[in-house]
file structure.pdb (PDB, C-alpha atoms)
ATOM      1  CA  MET A 962      40.956  99.577 128.750  1.00  0.00           C
ATOM      2  CA  THR A 963      42.633  96.361 129.775  1.00  0.00           C
ATOM      3  CA  ARG A 964      44.895  96.511 126.674  1.00  0.00           C
ATOM      4  CA  LEU A 965      46.395  99.915 127.553  1.00  0.00           C
ATOM      5  CA  PRO A 966      48.879  98.652 130.188  1.00  0.00           C
ATOM      6  CA  GLN A 967      50.029  95.958 127.768  1.00  0.00           C
ATOM      7  CA  ILE A 968      50.604  98.540 125.040  1.00  0.00           C
ATOM      8  CA  LEU A 969      52.540 100.774 127.419  1.00  0.00           C
ATOM      9  CA  ILE A 970      54.695  97.865 128.533  1.00  0.00           C
ATOM     10  CA  LEU A 971      55.385  96.928 124.910  1.00  0.00           C
ATOM     11  CA  MET A 972      56.323 100.534 124.069  1.00  0.00           C
ATOM     12  CA  ILE A 973      58.676 100.779 127.055  1.00  0.00           C
ATOM     13  CA  PHE A 974      60.280  97.451 126.145  1.00  0.00           C
ATOM     14  CA  SER A 975      60.765  98.513 122.512  1.00  0.00           C
ATOM     15  CA  PHE A 976      62.259 101.853 123.546  1.00  0.00           C
ATOM     16  CA  THR A 977      64.650 100.133 125.961  1.00  0.00           C
ATOM     17  CA  LEU A 978      65.698  97.597 123.318  1.00  0.00           C
ATOM     18  CA  PHE A 979      66.281 100.397 120.798  1.00  0.00           C
ATOM     19  CA  ASN A 980      68.483 102.269 123.251  1.00  0.00           C
ATOM     20  CA  CYS A 981      70.499  99.131 123.970  1.00  0.00           C
ATOM     21  CA  GLU A 982      71.053  98.570 120.270  1.00  0.00           C
ATOM     22  CA  GLN A 983      72.131 102.187 119.845  1.00  0.00           C
ATOM     23  CA  LYS A 984      74.626 101.880 122.687  1.00  0.00           C
ATOM     24  CA  THR A 985      76.185  98.722 121.239  1.00  0.00           C
ATOM     25  CA  GLU A 986      76.854 100.399 117.889  1.00  0.00           C
ATOM     26  CA  LEU A 987      80.513 101.379 117.679  1.00  0.00           C
ATOM     27  CA  THR A 988      81.594 104.924 116.988  1.00  0.00           C
ATOM     28  CA  ASP A 989      84.061 105.448 114.122  1.00  0.00           C
ATOM     29  CA  LEU A 990      86.945 105.734 116.570  1.00  0.00           C
ATOM     30  CA  GLU A 991      85.888 102.615 118.487  1.00  0.00           C
ATOM     31  CA  PHE A 992      85.609 100.721 115.209  1.00  0.00           C
ATOM     32  CA  GLU A 993      89.111 101.862 114.220  1.00  0.00           C
ATOM     33  CA  GLN A 994      90.559 100.693 117.530  1.00  0.00           C
ATOM     34  CA  LYS A 995      88.846  97.321 117.206  1.00  0.00           C
ATOM     35  CA  VAL A 996      90.368  96.785 113.751  1.00  0.00           C
ATOM     36  CA  PHE A 997      93.794  97.972 114.914  1.00  0.00           C
ATOM     37  CA  TYR A 998      93.947  95.575 117.869  1.00  0.00           C
ATOM     38  CA  GLU A 999      92.578  92.734 115.739  1.00  0.00           C
ATOM     39  CA  LEU A1000      95.364  93.221 113.208  1.00  0.00           C
ATOM     40  CA  PHE A1001      98.131  94.076 115.671  1.00  0.00           C
ATOM     41  CA  PRO A1002      99.478  90.520 116.176  1.00  0.00           C
ATOM     42  CA  GLU A1003     100.195  90.254 112.458  1.00  0.00           C
ATOM     43  CA  LEU A1004     101.228  93.895 112.068  1.00  0.00           C
ATOM     44  CA  SER A1005     103.821  93.754 114.829  1.00  0.00           C
ATOM     45  CA  ASP A1006     105.185  90.437 113.592  1.00  0.00           C
ATOM     46  CA  LYS A1007     105.639  91.893 110.104  1.00  0.00           C
ATOM     47  CA  MET A1008     107.250  95.096 111.371  1.00  0.00           C
ATOM     48  CA  TYR A1009     109.740  93.586 113.819  1.00  0.00           C
ATOM     49  CA  ASP A1010     112.869  92.929 111.827  1.00  0.00           C
ATOM     50  CA  ASP A1011     115.757  90.866 113.211  1.00  0.00           C
ATOM     51  CA  ILE A1012     118.377  90.257 110.523  1.00  0.00           C
ATOM     52  CA  ARG A1013     119.911  87.548 112.699  1.00  0.00           C
ATOM     53  CA  LEU A1014     116.923  85.317 111.913  1.00  0.00           C
ATOM     54  CA  ILE A1015     117.147  85.245 108.121  1.00  0.00           C
ATOM     55  CA  PRO A1016     117.827  81.639 106.990  1.00  0.00           C
ATOM     56  CA  THR A1017     121.135  82.333 105.233  1.00  0.00           C
ATOM     57  CA  PRO A1018     124.036  84.671 106.070  1.00  0.00           C
ATOM     58  CA  PRO A1019     124.031  88.122 104.418  1.00  0.00           C
ATOM     59  CA  PRO A1020     126.094  88.436 101.229  1.00  0.00           C
ATOM     60  CA  PRO A1021     129.723  89.324 101.990  1.00  0.00           C
ATOM     61  CA  SER A1022     131.497  92.408 100.695  1.00  0.00           C
ATOM     62  CA  PRO A1023     133.320  92.419  97.336  1.00  0.00           C
ATOM     63  CA  LYS A1024     136.573  92.730  99.281  1.00  0.00           C
ATOM     64  CA  TYR A1025     135.867  89.519 101.194  1.00  0.00           C
ATOM     65  CA  LEU A1026     135.032  87.601  97.996  1.00  0.00           C
ATOM     66  CA  THR A1027     138.206  88.871  96.366  1.00  0.00           C
ATOM     67  CA  GLU A1028     140.255  87.726  99.358  1.00  0.00           C
ATOM     68  CA  GLN A1029     138.671  84.280  98.969  1.00  0.00           C
ATOM     69  CA  GLY A1030     139.835  84.125  95.355  1.00  0.00           C
ATOM     70  CA  PHE A1031     136.652  85.129  93.528  1.00  0.00           C
ATOM     71  CA  ASP A1032     136.554  87.819  90.846  1.00  0.00           C
ATOM     72  CA  ALA A1033     134.150  90.216  92.546  1.00  0.00           C
ATOM     73  CA  LYS A1034     135.736  93.229  90.897  1.00  0.00           C
ATOM     74  CA  ASN A1035     134.491  92.380  87.389  1.00  0.00           C
ATOM     75  CA  ASP A1036     131.304  90.477  88.245  1.00  0.00           C
ATOM     76  CA  TYR A1037     130.100  90.502  91.859  1.00  0.00           C
ATOM     77  CA  ASN A1038     126.992  88.383  91.187  1.00  0.00           C
ATOM     78  CA  LYS A1039     129.006  85.639  89.478  1.00  0.00           C
ATOM     79  CA  ALA A1040     131.583  85.750  92.286  1.00  0.00           C
ATOM     80  CA  LEU A1041     128.800  85.469  94.860  1.00  0.00           C
ATOM     81  CA  GLU A1042     127.249  82.519  93.011  1.00  0.00           C
ATOM     82  CA  ASP A1043     130.612  80.705  92.875  1.00  0.00           C
ATOM     83  CA  TRP A1044     131.325  81.449  96.537  1.00  0.00           C
ATOM     84  CA  GLN A1045     127.994  79.908  97.554  1.00  0.00           C
ATOM     85  CA  LYS A1046     129.256  76.610  96.133  1.00  0.00           C
ATOM     86  CA  SER A1047     132.446  76.743  98.183  1.00  0.00           C
ATOM     87  CA  ASP A1048     133.397  75.103 101.489  1.00  0.00           C
ATOM     88  CA  ASP A1049     133.859  78.557 102.989  1.00  0.00           C
ATOM     89  CA  TYR A1050     130.200  79.342 102.366  1.00  0.00           C
ATOM     90  CA  GLN A1051     129.061  76.012 103.811  1.00  0.00           C
ATOM     91  CA  ASN A1052     131.075  76.650 106.973  1.00  0.00           C
ATOM     92  CA  ARG A1053     129.619  80.144 107.330  1.00  0.00           C
ATOM     93  CA  LEU A1054     126.134  78.779 106.688  1.00  0.00           C
ATOM     94  CA  LYS A1055     126.474  76.173 109.449  1.00  0.00           C
ATOM     95  CA  GLU A1056     127.735  78.782 111.916  1.00  0.00           C
ATOM     96  CA  TRP A1057     124.934  81.159 110.924  1.00  0.00           C
ATOM     97  CA  GLN A1058     122.235  78.505 111.362  1.00  0.00           C
ATOM     98  CA  LYS A1059     123.685  77.456 114.700  1.00  0.00           C
ATOM     99  CA  ARG A1060     123.618  81.059 115.925  1.00  0.00           C
ATOM    100  CA  ARG A1061     120.130  81.548 114.472  1.00  0.00           C
ATOM    101  CA  ASP A1062     118.787  78.465 116.274  1.00  0.00           C
ATOM    102  CA  SER A1063     120.292  79.756 119.508  1.00  0.00           C
ATOM    103  CA  ILE A1064     118.466  83.084 119.078  1.00  0.00           C
ATOM    104  CA  ILE A1065     115.165  81.363 118.259  1.00  0.00           C
ATOM    105  CA  ASN A1066     115.431  79.139 121.340  1.00  0.00           C
ATOM    106  CA  ASP A1067     116.352  82.056 123.569  1.00  0.00           C
ATOM    107  CA  THR A1068     113.289  82.932 125.688  1.00  0.00           C
ATOM    108  CA  THR A1069     114.558  86.381 126.719  1.00  0.00           C
ATOM    109  CA  GLU A1070     111.797  88.963 126.317  1.00  0.00           C
ATOM    110  CA  ILE A1071     112.344  91.646 123.669  1.00  0.00           C
ATOM    111  CA  TYR A1072     111.141  95.158 124.549  1.00  0.00           C
ATOM    112  CA  ILE A1073     109.921  97.631 121.946  1.00  0.00           C
ATOM    113  CA  ALA A1074     109.116 101.295 122.618  1.00  0.00           C
ATOM    114  CA  PHE A1075     105.609 102.201 121.454  1.00  0.00           C
ATOM    115  CA  PRO A1076     103.729 105.550 121.372  1.00  0.00           C
ATOM    116  CA  ASP A1077     101.288 106.212 124.183  1.00  0.00           C
ATOM    117  CA  SER A1078      98.715 107.460 121.655  1.00  0.00           C
ATOM    118  CA  ILE A1079      97.950 107.128 117.952  1.00  0.00           C
ATOM    119  CA  ASN A1080      96.604 110.403 116.631  1.00  0.00           C
ATOM    120  CA  ARG A1081      97.579 111.231 113.049  1.00  0.00           C
ATOM    121  CA  PHE A1082      96.840 110.377 109.432  1.00  0.00           C
ATOM    122  CA  GLU A1083      99.039 110.579 106.351  1.00  0.00           C
ATOM    123  CA  ARG A1084      97.215 112.840 103.895  1.00  0.00           C
ATOM    124  CA  GLU A1085      98.436 111.033 100.766  1.00  0.00           C
ATOM    125  CA  ASP A1086      96.915 107.796 102.060  1.00  0.00           C
ATOM    126  CA  MET A1087      93.541 108.753 100.576  1.00  0.00           C
ATOM    127  CA  TYR A1088      94.986 108.602  97.055  1.00  0.00           C
ATOM    128  CA  GLU A1089      97.101 105.536  97.809  1.00  0.00           C
ATOM    129  CA  LEU A1090      94.073 103.670  99.160  1.00  0.00           C
ATOM    130  CA  ILE A1091      91.938 104.473  96.120  1.00  0.00           C
ATOM    131  CA  ASN A1092      94.730 103.610  93.679  1.00  0.00           C
ATOM    132  CA  HIS A1093      95.694 100.358  95.375  1.00  0.00           C
ATOM    133  CA  PHE A1094      92.131  99.028  95.323  1.00  0.00           C
ATOM    134  CA  ASN A1095      91.329 100.721  92.018  1.00  0.00           C
ATOM    135  CA  GLU A1096      89.066  97.907  90.817  1.00  0.00           C
ATOM    136  CA  GLN A1097      86.818  98.443  93.834  1.00  0.00           C
ATOM    137  CA  LYS A1098      86.039 102.076  92.908  1.00  0.00           C
ATOM    138  CA  LEU A1099      86.398 103.158  96.528  1.00  0.00           C
ATOM    139  CA  VAL A1100      84.937 106.347  97.945  1.00  0.00           C
ATOM    140  CA  VAL A1101      86.789 107.943 100.864  1.00  0.00           C
ATOM    141  CA  ASP A1102      85.086 110.432 103.160  1.00  0.00           C
ATOM    142  CA  SER A1103      87.305 113.514 103.409  1.00  0.00           C
ATOM    143  CA  LYS A1104      86.085 114.036 106.980  1.00  0.00           C
ATOM    144  CA  ASN A1105      88.503 111.309 107.959  1.00  0.00           C
ATOM    145  CA  PHE A1106      91.246 113.919 107.610  1.00  0.00           C
ATOM    146  CA  GLU A1107      89.884 116.125 110.359  1.00  0.00           C
ATOM    147  CA  LEU A1108      92.426 116.305 113.164  1.00  0.00           C
ATOM    148  CA  GLU A1109      90.740 114.423 115.960  1.00  0.00           C
ATOM    149  CA  ASN A1110      92.348 113.390 119.204  1.00  0.00           C
ATOM    150  CA  GLY A1111      92.949 109.836 118.040  1.00  0.00           C
ATOM    151  CA  PHE A1112      93.097 107.238 120.781  1.00  0.00           C
ATOM    152  CA  LYS A1113      95.226 106.318 123.734  1.00  0.00           C
ATOM    153  CA  VAL A1114      96.897 102.951 123.274  1.00  0.00           C
ATOM    154  CA  ASP A1115      95.673 100.117 125.487  1.00  0.00           C
ATOM    155  CA  PHE A1116      98.926  98.241 126.035  1.00  0.00           C
ATOM    156  CA  ALA A1117      97.060  95.221 127.401  1.00  0.00           C
ATOM    157  CA  ASN A1118      95.712  94.737 123.861  1.00  0.00           C
ATOM    158  CA  LEU A1119      99.108  94.854 122.150  1.00  0.00           C
ATOM    159  CA  LYS A1120      99.534  91.149 121.510  1.00  0.00           C
ATOM    160  CA  SER A1121     102.047  89.848 118.971  1.00  0.00           C
ATOM    161  CA  ASN A1122     102.458  86.593 117.072  1.00  0.00           C
ATOM    162  CA  ASN A1123     106.042  86.782 118.310  1.00  0.00           C
ATOM    163  CA  GLU A1124     105.634  85.613 121.906  1.00  0.00           C
ATOM    164  CA  LYS A1125     108.886  87.272 122.999  1.00  0.00           C
ATOM    165  CA  LEU A1126     107.839  90.803 122.031  1.00  0.00           C
ATOM    166  CA  ARG A1127     106.809  93.191 124.790  1.00  0.00           C
ATOM    167  CA  PHE A1128     105.757  96.811 124.324  1.00  0.00           C
ATOM    168  CA  LYS A1129     106.598  99.676 126.672  1.00  0.00           C
ATOM    169  CA  PRO A1130     105.074 103.189 126.497  1.00  0.00           C
ATOM    170  CA  MET A1131     107.330 105.755 124.860  1.00  0.00           C
ATOM    171  CA  SER A1132     106.695 108.043 127.840  1.00  0.00           C
ATOM    172  CA  GLU A1133     108.752 105.668 130.004  1.00  0.00           C
ATOM    173  CA  PHE A1134     111.874 106.215 127.870  1.00  0.00           C
ATOM    174  CA  PRO A1135     114.299 109.160 127.920  1.00  0.00           C
ATOM    175  CA  GLU A1136     113.913 111.725 125.140  1.00  0.00           C
ATOM    176  CA  ARG A1137     116.075 112.730 122.193  1.00  0.00           C
ATOM    177  CA  ARG A1138     119.608 111.354 121.978  1.00  0.00           C
ATOM    178  CA  GLU A1139     119.401 109.586 125.340  1.00  0.00           C
ATOM    179  CA  PHE A1140     116.689 107.364 123.903  1.00  0.00           C
ATOM    180  CA  TRP A1141     119.365 105.448 121.965  1.00  0.00           C
ATOM    181  CA  THR A1142     122.427 105.985 124.169  1.00  0.00           C
ATOM    182  CA  THR A1143     120.897 104.849 127.468  1.00  0.00           C
ATOM    183  CA  LYS A1144     121.846 101.363 128.682  1.00  0.00           C
ATOM    184  CA  TYR A1145     118.591  99.702 129.716  1.00  0.00           C
ATOM    185  CA  ASP A1146     118.200  96.876 132.211  1.00  0.00           C
ATOM    186  CA  PHE A1147     116.002  95.002 129.743  1.00  0.00           C
ATOM    187  CA  ASN A1148     116.479  93.692 126.201  1.00  0.00           C
ATOM    188  CA  PHE A1149     115.603  96.829 124.230  1.00  0.00           C
ATOM    189  CA  ARG A1150     115.463  96.411 120.447  1.00  0.00           C
ATOM    190  CA  GLY A1151     113.961  99.597 119.029  1.00  0.00           C
ATOM    191  CA  SER A1152     110.773 101.586 118.555  1.00  0.00           C
ATOM    192  CA  MET A1153     107.653 100.798 116.545  1.00  0.00           C
ATOM    193  CA  SER A1154     104.945 103.225 115.486  1.00  0.00           C
ATOM    194  CA  PHE A1155     101.706 103.333 113.497  1.00  0.00           C
ATOM    195  CA  THR A1156      99.435 106.009 112.098  1.00  0.00           C
ATOM    196  CA  ARG A1157      95.677 105.884 112.376  1.00  0.00           C
ATOM    197  CA  ILE A1158      93.741 103.802 109.872  1.00  0.00           C
ATOM    198  CA  LEU A1159      92.031 105.496 106.950  1.00  0.00           C
ATOM    199  CA  PHE A1160      88.960 103.536 105.763  1.00  0.00           C
ATOM    200  CA  ASP A1161      86.795 103.797 102.703  1.00  0.00           C
ATOM    201  CA  LYS A1162      83.120 104.692 103.213  1.00  0.00           C
ATOM    202  CA  THR A1163      82.041 101.043 103.431  1.00  0.00           C
ATOM    203  CA  LYS A1164      84.703 100.318 106.066  1.00  0.00           C
ATOM    204  CA  THR A1165      85.770  97.287 104.076  1.00  0.00           C
ATOM    205  CA  PHE A1166      89.185  98.548 102.966  1.00  0.00           C
ATOM    206  CA  GLY A1167      91.806 100.596 104.769  1.00  0.00           C
ATOM    207  CA  VAL A1168      95.372 101.839 104.906  1.00  0.00           C
ATOM    208  CA  LEU A1169      97.821 102.821 107.632  1.00  0.00           C
ATOM    209  CA  ASN A1170     101.541 103.564 107.924  1.00  0.00           C
ATOM    210  CA  ALA A1171     104.091 101.922 110.158  1.00  0.00           C
ATOM    211  CA  GLY A1172     107.734 102.292 111.086  1.00  0.00           C
ATOM    212  CA  PHE A1173     110.340 100.306 112.986  1.00  0.00           C
ATOM    213  CA  VAL A1174     113.597 101.957 114.050  1.00  0.00           C
ATOM    214  CA  LYS A1175     116.522 100.008 115.524  1.00  0.00           C
ATOM    215  CA  GLY A1176     118.987 102.876 115.927  1.00  0.00           C
ATOM    216  CA  ARG A1177     119.554 106.577 115.267  1.00  0.00           C
ATOM    217  CA  LEU A1178     120.136 105.944 111.559  1.00  0.00           C
ATOM    218  CA  ASN A1179     118.759 102.449 111.225  1.00  0.00           C
ATOM    219  CA  GLY A1180     115.114 101.919 110.398  1.00  0.00           C
ATOM    220  CA  GLY A1181     112.399 101.776 107.818  1.00  0.00           C
ATOM    221  CA  GLY A1182     108.760 102.487 107.187  1.00  0.00           C
ATOM    222  CA  CYS A1183     105.943 101.178 105.050  1.00  0.00           C
ATOM    223  CA  ARG A1184     102.356 101.662 103.962  1.00  0.00           C
ATOM    224  CA  ILE A1185     100.029  98.802 104.837  1.00  0.00           C
ATOM    225  CA  PHE A1186      96.841  98.099 102.898  1.00  0.00           C
ATOM    226  CA  ILE A1187      94.180  96.085 104.675  1.00  0.00           C
ATOM    227  CA  ARG A1188      90.852  94.571 103.686  1.00  0.00           C
ATOM    228  CA  LYS A1189      87.989  92.620 105.212  1.00  0.00           C
ATOM    229  CA  ASP A1190      87.691  89.060 103.871  1.00  0.00           C
ATOM    230  CA  GLU A1191      84.542  87.103 103.064  1.00  0.00           C
ATOM    231  CA  ASN A1192      84.318  85.922 106.682  1.00  0.00           C
ATOM    232  CA  GLY A1193      84.424  89.452 108.060  1.00  0.00           C
ATOM    233  CA  ASN A1194      88.014  89.192 109.304  1.00  0.00           C
ATOM    234  CA  TRP A1195      90.594  91.897 108.633  1.00  0.00           C
ATOM    235  CA  LYS A1196      93.679  90.867 106.684  1.00  0.00           C
ATOM    236  CA  ILE A1197      96.822  92.555 105.388  1.00  0.00           C
ATOM    237  CA  ASP A1198      96.464  92.890 101.618  1.00  0.00           C
ATOM    238  CA  LYS A1199      99.901  94.330 100.810  1.00  0.00           C
ATOM    239  CA  ILE A1200     102.849  96.109 102.412  1.00  0.00           C
ATOM    240  CA  LYS A1201     104.808  98.715 100.443  1.00  0.00           C
ATOM    241  CA  GLY A1202     108.061 100.239 101.664  1.00  0.00           C
ATOM    242  CA  THR A1203     108.036 104.034 101.962  1.00  0.00           C
ATOM    243  CA  TRP A1204     111.359 105.000 103.580  1.00  0.00           C
ATOM    244  CA  VAL A1205     114.700 103.604 104.781  1.00  0.00           C
ATOM    245  CA  SER A1206     117.423 105.166 106.909  1.00  0.00           C
TER     246      SER A1206
END
call {"tool": "encode", "arguments": {"input": "structure.pdb", "output": "structure tokens"}}
result
Amino acid sequence: MTRLPQILILMIFSFTLFNCEQKTELTDLEFEQKVFYELFPELSDKMYDDIRLIPTPPPPSPKYLTEQGFDAKNDYNKALEDWQKSDDYQNRLKEWQKRRDSIINDTTEIYIAFPDSINRFEREDMYELINHFNEQKLVVDSKNFELENGFKVDFANLKSNNEKLRFKPMSEFPERREFWTTKYDFNFRGSMSFTRILFDKTKTFGVLNAGFVKGRLNGGGCRIFIRKDENGNWKIDKIKGTWVS
């Protein structure tokens, strides 16, 4: 009789511990959000494109090379190669690097518009995921394509490797044409967006889509393949361009 209370206490303790363990297990959507925010610093750094920061000036037009005395009409690549050995190129390179250093040292915050919620998949991603990691023989659960509500973005978790980047909810911006024509009182540089992440059944591999638009007809998108490494950390495996405007 004296052992009965001890058994009851043990049963209650075990039941409580089981419930706690159940509550700490992430749902599929919670797991997806965790991976997204873990990867976001690298994702946003890869997606934000500022041509002013490339190490060398963009190639000039054939007309410019011709005006400088190079035969761009018959062989642009040869003309470009010869121009890059000229004093004119060296002068442009110095000016470009000086301007680039000024931009890098500028501490002005850069604001990017970002959707309030992430709530869609790209249907072809199932095939792209399987084909990209074809050696892994992945299995993808088709239930992942059910149209769920997705998740509301927690902007406090949108951290970037680029310390100057700041993200503002799309709902705070004007709609349609005014989105690009409005003069903002902050350093606005474009809009960034992501789809939801499609995982394989083991939740070791995944794929999502992203886009960065700098103007009405100036942007690009890509498909991003991700994988979990041997230490359990999520990494970008490869980025493939999907569209340009």
call {"tool": "closest_residue", "arguments": {"input": "structure.pdb", "among": "A:Asp1043, A:Asp1198, A:Glu1003, A:Glu1133", "to": "Ala1074 (chain A)", "atoms": "only C-alpha atoms"}}
result
A:Glu1133
call {"tool": "residues_around", "arguments": {"input": "structure.pdb", "residues": "Gly1030 (chain A)", "least_positions_apart": "3", "cutoff": "12 Å", "atoms": "only C-alpha atoms", "output": "NGL selection string"}}
result
:A and (1023-1027 or 1033-1034 or 1040-1041 or 1043-1044 or 1047 or 1049)
call {"tool": "resolve_selection", "arguments": {"input": "structure.pdb", "expression": "the PyMOL selection byres ((chain A and resi 990) around 12)", "output": "PyMOL selection string"}}
result
chain A and resi 986-989+991-997+1079-1080+1105+1109-1113+1157-1160
call {"tool": "resolve_selection", "arguments": {"input": "structure.pdb", "expression": "the PyMOL selection byres ((chain A and resi 1124-1129) around 7)", "output": "list in words"}}
result
Thr1068, Thr1069, Glu1070, Ile1071, Tyr1072, Ile1073, Ala1074, Phe1075, Ser1121, Asn1122, Asn1123, Pro1130 and Met1131 of chain A
call {"tool": "closest_residue", "arguments": {"input": "structure.pdb", "among": "A:Asp1115, A:Asp1077, A:Glu1028, A:Asp1161", "to": "Leu1090 (chain A)", "atoms": "only C-alpha atoms"}}
result
A:Asp1161
call {"tool": "closest_atom_pairs", "arguments": {"input": "structure.pdb", "of": "region 1095-1150 of chain A", "to": "region 1162-1183 of chain A", "cutoff": "9 Å", "atoms": "only C-alpha atoms", "output": "JSON lines"}}
result
{"residue": "A:Leu1099", "atom": "CA", "partner": "A:Lys1162", "partner_atom": "CA", "distance": 7.6}
{"residue": "A:Val1100", "atom": "CA", "partner": "A:Lys1162", "partner_atom": "CA", "distance": 5.8}
{"residue": "A:Val1101", "atom": "CA", "partner": "A:Lys1162", "partner_atom": "CA", "distance": 5.4}
{"residue": "A:Asp1102", "atom": "CA", "partner": "A:Lys1162", "partner_atom": "CA", "distance": 6.1}
{"residue": "A:Arg1138", "atom": "CA", "partner": "A:Arg1177", "partner_atom": "CA", "distance": 8.2}
{"residue": "A:Trp1141", "atom": "CA", "partner": "A:Gly1176", "partner_atom": "CA", "distance": 6.6}
{"residue": "A:Arg1150", "atom": "CA", "partner": "A:Lys1175", "partner_atom": "CA", "distance": 6.2}
call {"tool": "resolve_selection", "arguments": {"input": "structure.pdb", "expression": "the PyMOL selection byres ((chain A and resi 1118) around 9)", "output": "list in words"}}
result
Tyr998, Glu999, Phe1001, Val1114, Asp1115, Phe1116, Ala1117, Leu1119 and Lys1120 of chain A
call {"tool": "closest_residue", "arguments": {"input": "structure.pdb", "among": "A:Ile1197, A:Ile1091, A:Leu1004, A:Ile1065", "to": "Pro1016 (chain A)", "atoms": "all atoms listed in the file"}}
result
A:Ile1065
call {"tool": "atom_distance", "arguments": {"input": "structure.pdb", "atom1": "CA of Lys1201 (chain A)", "atom2": "CA of Phe1186 (chain A)"}}
result
8.4 Å
call {"tool": "atom_distance", "arguments": {"input": "structure.pdb", "atom1": "CA of Trp1057 (chain A)", "atom2": "CA of Lys1039 (chain A)"}}
result
22.3 Å
call {"tool": "atom_distance", "arguments": {"input": "structure.pdb", "atom1": "CA of Glu1042 (chain A)", "atom2": "CA of Pro1020 (chain A)"}}
result
10.2 Å
call {"tool": "decode", "arguments": {"input": "structure.pdb", "residues": "region 1098-1151 of chain A", "atoms": "C-alpha atoms", "output": "PDB file, in the first residue's frame"}}
result
ATOM      1  CA  LYS A1098      16.968  10.251 -54.133  1.00  0.00           C
ATOM      2  CA  LEU A1099      14.709  12.709 -52.327  1.00  0.00           C
ATOM      3  CA  VAL A1100      11.053  12.080 -51.585  1.00  0.00           C
ATOM      4  CA  VAL A1101       8.781  15.131 -51.402  1.00  0.00           C
ATOM      5  CA  ASP A1102       5.419  14.988 -49.660  1.00  0.00           C
ATOM      6  CA  SER A1103       2.797  16.377 -52.044  1.00  0.00           C
ATOM      7  CA  LYS A1104       0.851  17.698 -49.047  1.00  0.00           C
ATOM      8  CA  ASN A1105       3.346  20.528 -48.969  1.00  0.00           C
ATOM      9  CA  PHE A1106       1.449  21.990 -51.923  1.00  0.00           C
ATOM     10  CA  GLU A1107      -1.770  22.435 -49.995  1.00  0.00           C
ATOM     11  CA  LEU A1108      -2.599  26.130 -49.823  1.00  0.00           C
ATOM     12  CA  GLU A1109      -2.113  26.941 -46.176  1.00  0.00           C
ATOM     13  CA  ASN A1110      -2.113  30.389 -44.666  1.00  0.00           C
ATOM     14  CA  GLY A1111       1.667  30.589 -44.550  1.00  0.00           C
ATOM     15  CA  PHE A1112       3.088  32.840 -41.867  1.00  0.00           C
ATOM     16  CA  LYS A1113       3.161  36.476 -40.930  1.00  0.00           C
ATOM     17  CA  VAL A1114       6.663  37.906 -41.103  1.00  0.00           C
ATOM     18  CA  ASP A1115       8.302  38.820 -37.801  1.00  0.00           C
ATOM     19  CA  PHE A1116      10.285  41.878 -38.860  1.00  0.00           C
ATOM     20  CA  ALA A1117      12.313  41.790 -35.642  1.00  0.00           C
ATOM     21  CA  ASN A1118      13.855  38.558 -36.970  1.00  0.00           C
ATOM     22  CA  LEU A1119      14.840  39.980 -40.359  1.00  0.00           C
ATOM     23  CA  LYS A1120      18.546  40.409 -39.724  1.00  0.00           C
ATOM     24  CA  SER A1121      21.015  40.834 -42.583  1.00  0.00           C
ATOM     25  CA  ASN A1122      24.760  40.373 -42.946  1.00  0.00           C
ATOM     26  CA  ASN A1123      24.636  43.833 -44.504  1.00  0.00           C
ATOM     27  CA  GLU A1124      24.353  46.019 -41.404  1.00  0.00           C
ATOM     28  CA  LYS A1125      22.880  48.928 -43.376  1.00  0.00           C
ATOM     29  CA  LEU A1126      19.831  47.019 -44.625  1.00  0.00           C
ATOM     30  CA  ARG A1127      16.488  47.694 -42.971  1.00  0.00           C
ATOM     31  CA  PHE A1128      13.174  46.093 -43.912  1.00  0.00           C
ATOM     32  CA  LYS A1129       9.800  47.837 -43.917  1.00  0.00           C
ATOM     33  CA  PRO A1130       6.414  46.085 -44.320  1.00  0.00           C
ATOM     34  CA  MET A1131       4.957  46.355 -47.806  1.00  0.00           C
ATOM     35  CA  SER A1132       1.680  47.484 -46.224  1.00  0.00           C
ATOM     36  CA  GLU A1133       3.370  50.760 -45.244  1.00  0.00           C
ATOM     37  CA  PHE A1134       4.074  51.643 -48.894  1.00  0.00           C
ATOM     38  CA  PRO A1135       1.680  53.076 -51.496  1.00  0.00           C
ATOM     39  CA  GLU A1136       0.271  50.625 -54.039  1.00  0.00           C
ATOM     40  CA  ARG A1137       0.714  50.199 -57.780  1.00  0.00           C
ATOM     41  CA  ARG A1138       2.552  52.901 -59.713  1.00  0.00           C
ATOM     42  CA  GLU A1139       2.933  55.171 -56.683  1.00  0.00           C
ATOM     43  CA  PHE A1140       5.124  52.523 -55.088  1.00  0.00           C
ATOM     44  CA  TRP A1141       7.965  53.546 -57.427  1.00  0.00           C
ATOM     45  CA  THR A1142       7.097  57.189 -58.125  1.00  0.00           C
ATOM     46  CA  THR A1143       6.735  58.337 -54.510  1.00  0.00           C
ATOM     47  CA  LYS A1144       9.639  60.327 -53.049  1.00  0.00           C
ATOM     48  CA  TYR A1145      10.342  58.790 -49.647  1.00  0.00           C
ATOM     49  CA  ASP A1146      11.986  60.510 -46.698  1.00  0.00           C
ATOM     50  CA  PHE A1147      14.303  57.532 -46.253  1.00  0.00           C
ATOM     51  CA  ASN A1148      16.860  55.783 -48.465  1.00  0.00           C
ATOM     52  CA  PHE A1149      14.562  53.409 -50.354  1.00  0.00           C
ATOM     53  CA  ARG A1150      16.299  50.916 -52.651  1.00  0.00           C
ATOM     54  CA  GLY A1151      13.668  48.423 -53.783  1.00  0.00           C
TER      55      GLY A1151
END
